[in-house]
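What follows is one structure encoded as structure tokens, with my remarks underneath.
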Amino acid sequence: MVTISTALTDAARRLDAGGIENSRGEARLLLSHVLGFGAEKVIGHPEFEIDDAGMIELESALSRRVRREPMSHVLGKREFWSLNFRVTPDTLDPRPDSETLVEAVLKHVVDRGRRLRVLDLGTGTGCLLLAILSEFPNASGVGMDISQAALDVAKENSETLGLDKRAEFLRAEWDTGLAGEFDIVVSNPPYIPTRELNLLEPEVALFEPRLALDGGIDGLAEYRALGPVLVRRLRSQGIALIELGAGQSGPVGQIMTRVGLDILDQRHDLGGVARCLVLRHAPALTNC
């Protein structure tokens, strides 16, 4: 049988040859997944022997990752906001950049005990909605998506996290068929210009759903559709938080102000990119 030490060295070498950054760290993750125990045991017990079944499973996982299939697909999960989310090829991989929206919600809604209604447009795995609900125990919400396969994943995530009693998932294009207004509306719409899709890293270009990535010719098509939806669904004192691509804060801000929304705040991710706009209804003009 092969020891952890030998398997780790070989796995890291193959990942490195396949162009994977942090090959040693990813090799540890794959071994932890295959063996069913934490990375600390992989590090602390290099002499542990892996049986034949484990080596077959490791070979399968390595082959998938070397083909540049996302690690989240190989593992079947991804951590977001310290919560584990199931991920499939039907959903976008939850990314740390998107946590900027959750952080912005916590900044602008200080009272964690409020009875809030939350709407997540283009919910995918449900990561934004469910992360927000995890922070506000009296909140409930709706996640909407055009993909039924994505909604199935989001519903499963809500059940796994024990949030299914407060989360509802509906299939529709934007807010079609939806009633009511919401205190918080969040959205991570498709924002990659069509011509740039094939230039993305292979993990994204080859394996993530185009429907959730393609923002049209200039990357702004879905923001133009989203603006009126936010106006309809946002309560008078509510806030909307939308994710941005790099360099999009100016043009997206213009789109939103044209439909009657004010920019309350702009939040940057850890890389310094303007990643989130916080919006509210513009005050009504009154005659003196």
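Residues are referred to by chain and number: the chain letter is A, B, ... according to the order shown in the structure tokens, the number counts from 1 in that chain, and ligands are numbered separately from 1 in the order shown.
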
request  = Going by DSSP on the backbone, which bits of region 208-272 of chain A are alpha helix (DSSP H)? Write them as a PyMOL selection string, please.
outcome  = chain A and resi 221-233+249-258

Contacts of region 135-158 of chain A with region 100-111 of chain A up to 12 Å, shortest pair per row, only C-alpha atoms, as a tab-separated table:
residue	atom	partner	partner_atom	distance
A:Glu135	CA	A:Leu106	CA	8.3
A:Phe136	CA	A:Asp111	CA	8.5
A:Pro137	CA	A:Asp111	CA	10.8
A:Asn138	CA	A:Asp111	CA	10.6
A:Ala139	CA	A:Asp111	CA	11.2

Kindly save the residues from that selection, with all heavy atoms included, as a CSV table (one decimal), in the first residue's frame.
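Saved result, selection-v6.csv, follows:
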chain,number,residue,atom,x,y,z
A,135,GLU,N,-27.3,35.1,9.7
A,135,GLU,CA,-27.0,36.2,10.5
A,135,GLU,C,-28.2,36.9,11.1
A,135,GLU,O,-28.0,37.6,12.1
A,135,GLU,CB,-26.1,37.2,9.7
A,135,GLU,CG,-24.8,36.7,9.2
A,135,GLU,CD,-23.8,36.6,10.4
A,135,GLU,OE1,-24.0,37.1,11.5
A,135,GLU,OE2,-22.7,36.0,10.1
A,136,PHE,N,-29.3,36.7,10.6
A,136,PHE,CA,-30.6,37.4,11.0
A,136,PHE,C,-31.6,36.3,11.4
A,136,PHE,O,-32.4,35.9,10.5
A,136,PHE,CB,-31.1,38.3,10.0
A,136,PHE,CG,-30.2,39.5,9.7
A,136,PHE,CD1,-29.2,39.4,8.7
A,136,PHE,CD2,-30.3,40.7,10.4
A,136,PHE,CE1,-28.4,40.5,8.5
A,136,PHE,CE2,-29.5,41.8,10.2
A,136,PHE,CZ,-28.5,41.7,9.2
A,137,PRO,N,-31.7,35.8,12.6
A,137,PRO,CA,-32.5,34.7,13.0
A,137,PRO,C,-34.0,34.9,12.8
A,137,PRO,O,-34.8,33.9,12.7
A,137,PRO,CB,-32.2,34.5,14.4
A,137,PRO,CG,-31.6,35.7,14.9
A,137,PRO,CD,-30.9,36.3,13.8
A,138,ASN,N,-34.5,36.2,12.7
A,138,ASN,CA,-35.9,36.4,12.5
A,138,ASN,C,-36.2,36.8,11.0
A,138,ASN,O,-37.3,37.2,10.7
A,138,ASN,CB,-36.3,37.6,13.4
A,138,ASN,CG,-36.3,37.1,14.9
A,138,ASN,OD1,-36.7,36.0,15.2
A,138,ASN,ND2,-35.8,38.0,15.7
A,139,ALA,N,-35.2,36.7,10.2
A,139,ALA,CA,-35.4,37.0,8.7
A,139,ALA,C,-35.9,35.8,8.0
A,139,ALA,O,-35.6,34.6,8.3
A,139,ALA,CB,-34.1,37.5,8.1

ask   = So what do you get for CA of Lys41 (chain A) versus CA of Asn157 (chain A), distance-wise?
value =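 One can read the CA of Lys41 (chain A) to CA of Asn157 (chain A) distance as 27.5 Å.
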
key: For Trp81 (chain A): contacts at 9 Å, only C-alpha atoms, fewer than 2 positions along chain excluded, given as a PyMOL selection string   = chain A and resi 79+83-84+96+99+102+127-128+131

Could you save the residues just selected, with N, CA and C atoms, as a compact mmCIF listing (two decimals), in the first residue's frame?
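Printed below is out-v2.txt as written:
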# COMPACT_ATOMS: atom_id res chain seq x y z
N GLU A 79 -16.83 26.31 0.76
CA GLU A 79 -17.14 27.11 1.94
C GLU A 79 -17.40 28.55 1.53
N LEU A 83 -19.81 28.70 5.97
CA LEU A 83 -20.85 27.68 5.80
C LEU A 83 -20.48 26.82 4.60
N ASN A 84 -20.81 25.53 4.68
CA ASN A 84 -20.52 24.64 3.56
C ASN A 84 -21.72 24.57 2.62
N PRO A 96 -15.15 34.16 -2.51
CA PRO A 96 -14.95 35.13 -1.41
C PRO A 96 -15.35 36.55 -1.78
N GLU A 99 -18.72 37.58 -0.69
CA GLU A 99 -18.94 37.82 0.73
C GLU A 99 -19.00 39.32 1.03
N VAL A 102 -22.51 40.32 1.77
CA VAL A 102 -22.98 39.96 3.11
C VAL A 102 -22.41 40.94 4.14
N CYS A 127 -26.14 30.85 -1.78
CA CYS A 127 -25.15 31.26 -0.78
C CYS A 127 -25.42 32.64 -0.19
N LEU A 128 -25.82 33.61 -1.02
CA LEU A 128 -26.07 34.95 -0.48
C LEU A 128 -27.27 34.97 0.46
N ALA A 131 -26.54 32.85 3.68
CA ALA A 131 -25.58 33.50 4.56
C ALA A 131 -26.24 34.64 5.33

Could you give me, as CSV, every region 225-288 of chain A residue with an atom at most 12 Å from region 171-179 of chain A, plus its closest atom pair and distance in Å to one decimal, counting only C-alpha atoms, rows ordered by chain then number?
residue,atom,partner,partner_atom,distance
A:Ala225,CA,A:Trp174,CA,8.4
A:Leu226,CA,A:Trp174,CA,7.5
A:Gly227,CA,A:Trp174,CA,10.7
A:Pro228,CA,A:Asp175,CA,10.2
A:Val229,CA,A:Asp175,CA,6.7
A:Leu230,CA,A:Asp175,CA,9.3
A:Val231,CA,A:Asp175,CA,11.4
A:Arg232,CA,A:Asp175,CA,9.1
A:Arg233,CA,A:Asp175,CA,8.3
A:Leu234,CA,A:Ala179,CA,11.5

Region 66-77 of chain A surroundings by only C-alpha atoms, 9 Å radius, close-in-sequence under 3 positions cut, as an MDAnalysis selection string = chainID A and resid 14:20 26 29:30 33 61:63 84:89 93 201:204 206:208

Write out as CSV a residue-level contact list of region 195-220 of chain A versus region 246-255 of chain A with cut-off 12 Å: for each qualifying residue the closest pair of atoms and the distance in Å to one decimal, counting only C-alpha atoms, rows sorted by chain and residue number upward.
residue,atom,partner,partner_atom,distance
A:Gly215,CA,A:Gln248,CA,11.7
A:Asp218,CA,A:Gln248,CA,10.1
A:Gly219,CA,A:Gln248,CA,8.6
A:Leu220,CA,A:Val252,CA,7.2

I need the residues from that last selection saved to file as a PDB file, in the first residue's frame (with C-alpha atoms), if you can.
ATOM      1  CA  GLY A 215     -23.496  39.635 -19.314  1.00  0.00           C
ATOM      2  CA  ASP A 218     -20.684  44.956 -22.768  1.00  0.00           C
ATOM      3  CA  GLY A 219     -21.281  42.911 -19.608  1.00  0.00           C
ATOM      4  CA  LEU A 220     -24.081  45.263 -18.521  1.00  0.00           C
TER       5      LEU A 220
END

request  = Fewer than 5 positions away in the same chain doesn't count, so skip those; otherwise give me all residues within 10 Å of Thr257 (chain A), counting only C-alpha atoms, as a list in words.
outcome  = Gly227, Val252, Asp262, Ile263, Leu279, Arg280, His281 and Ala282 of chain A

Could you write those residues out with N, CA and C atoms, as an mmCIF file, in the first residue's frame?
data_model
loop_
_atom_site.group_PDB
_atom_site.id
_atom_site.type_symbol
_atom_site.label_atom_id
_atom_site.label_comp_id
_atom_site.auth_asym_id
_atom_site.auth_seq_id
_atom_site.Cartn_x
_atom_site.Cartn_y
_atom_site.Cartn_z
ATOM 1 N N GLY A 227 -32.319 46.737 -12.912
ATOM 2 C CA GLY A 227 -32.680 48.014 -12.301
ATOM 3 C C GLY A 227 -34.159 48.175 -12.011
ATOM 4 N N VAL A 252 -22.542 50.854 -13.993
ATOM 5 C CA VAL A 252 -23.685 50.250 -13.304
ATOM 6 C C VAL A 252 -24.374 51.287 -12.424
ATOM 7 N N ASP A 262 -30.695 55.591 -5.580
ATOM 8 C CA ASP A 262 -29.521 56.322 -5.117
ATOM 9 C C ASP A 262 -28.436 55.342 -4.684
ATOM 10 N N ILE A 263 -27.184 55.726 -4.874
ATOM 11 C CA ILE A 263 -26.062 54.916 -4.384
ATOM 12 C C ILE A 263 -25.772 55.322 -2.945
ATOM 13 N N LEU A 279 -27.739 50.240 -2.724
ATOM 14 C CA LEU A 279 -28.690 51.158 -3.342
ATOM 15 C C LEU A 279 -29.939 51.317 -2.486
ATOM 16 N N ARG A 280 -30.602 52.437 -2.660
ATOM 17 C CA ARG A 280 -31.903 52.664 -2.019
ATOM 18 C C ARG A 280 -32.738 53.524 -2.960
ATOM 19 N N HIS A 281 -34.028 53.623 -2.674
ATOM 20 C CA HIS A 281 -34.877 54.501 -3.475
ATOM 21 C C HIS A 281 -34.431 55.949 -3.315
ATOM 22 N N ALA A 282 -34.349 56.645 -4.440
ATOM 23 C CA ALA A 282 -34.062 58.074 -4.383
ATOM 24 C C ALA A 282 -35.221 58.795 -3.713
#

Two-atom distance - CA of Leu121 (chain A), CA of Ile242 (chain A) (Å) = 9.6 Å

message = Give me the residues near Glu47 (chain A) as a VMD selection string, where near means some atom within 8 Å (using only C-alpha atoms) and where sequence neighbours in that chain fewer than 4 positions away do not count.
response = chain A and resid 3 to 5

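For the set A:Glu156, A:Asp52, A:Asp120, A:Asp145, the residue with the smallest atom-to-atom gap to Leu211 (chain A) is A:Asp145, counting only C-alpha atoms.
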
Nearest to Thr91 (chain A) by atom-to-atom distance, counting only C-alpha atoms, from A:Ala212, A:Ile43, A:Ala12, A:Val185 =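 Once distances to Thr91 (chain A) are computed over only C-alpha atoms, the minimum belongs to A:Ala212.
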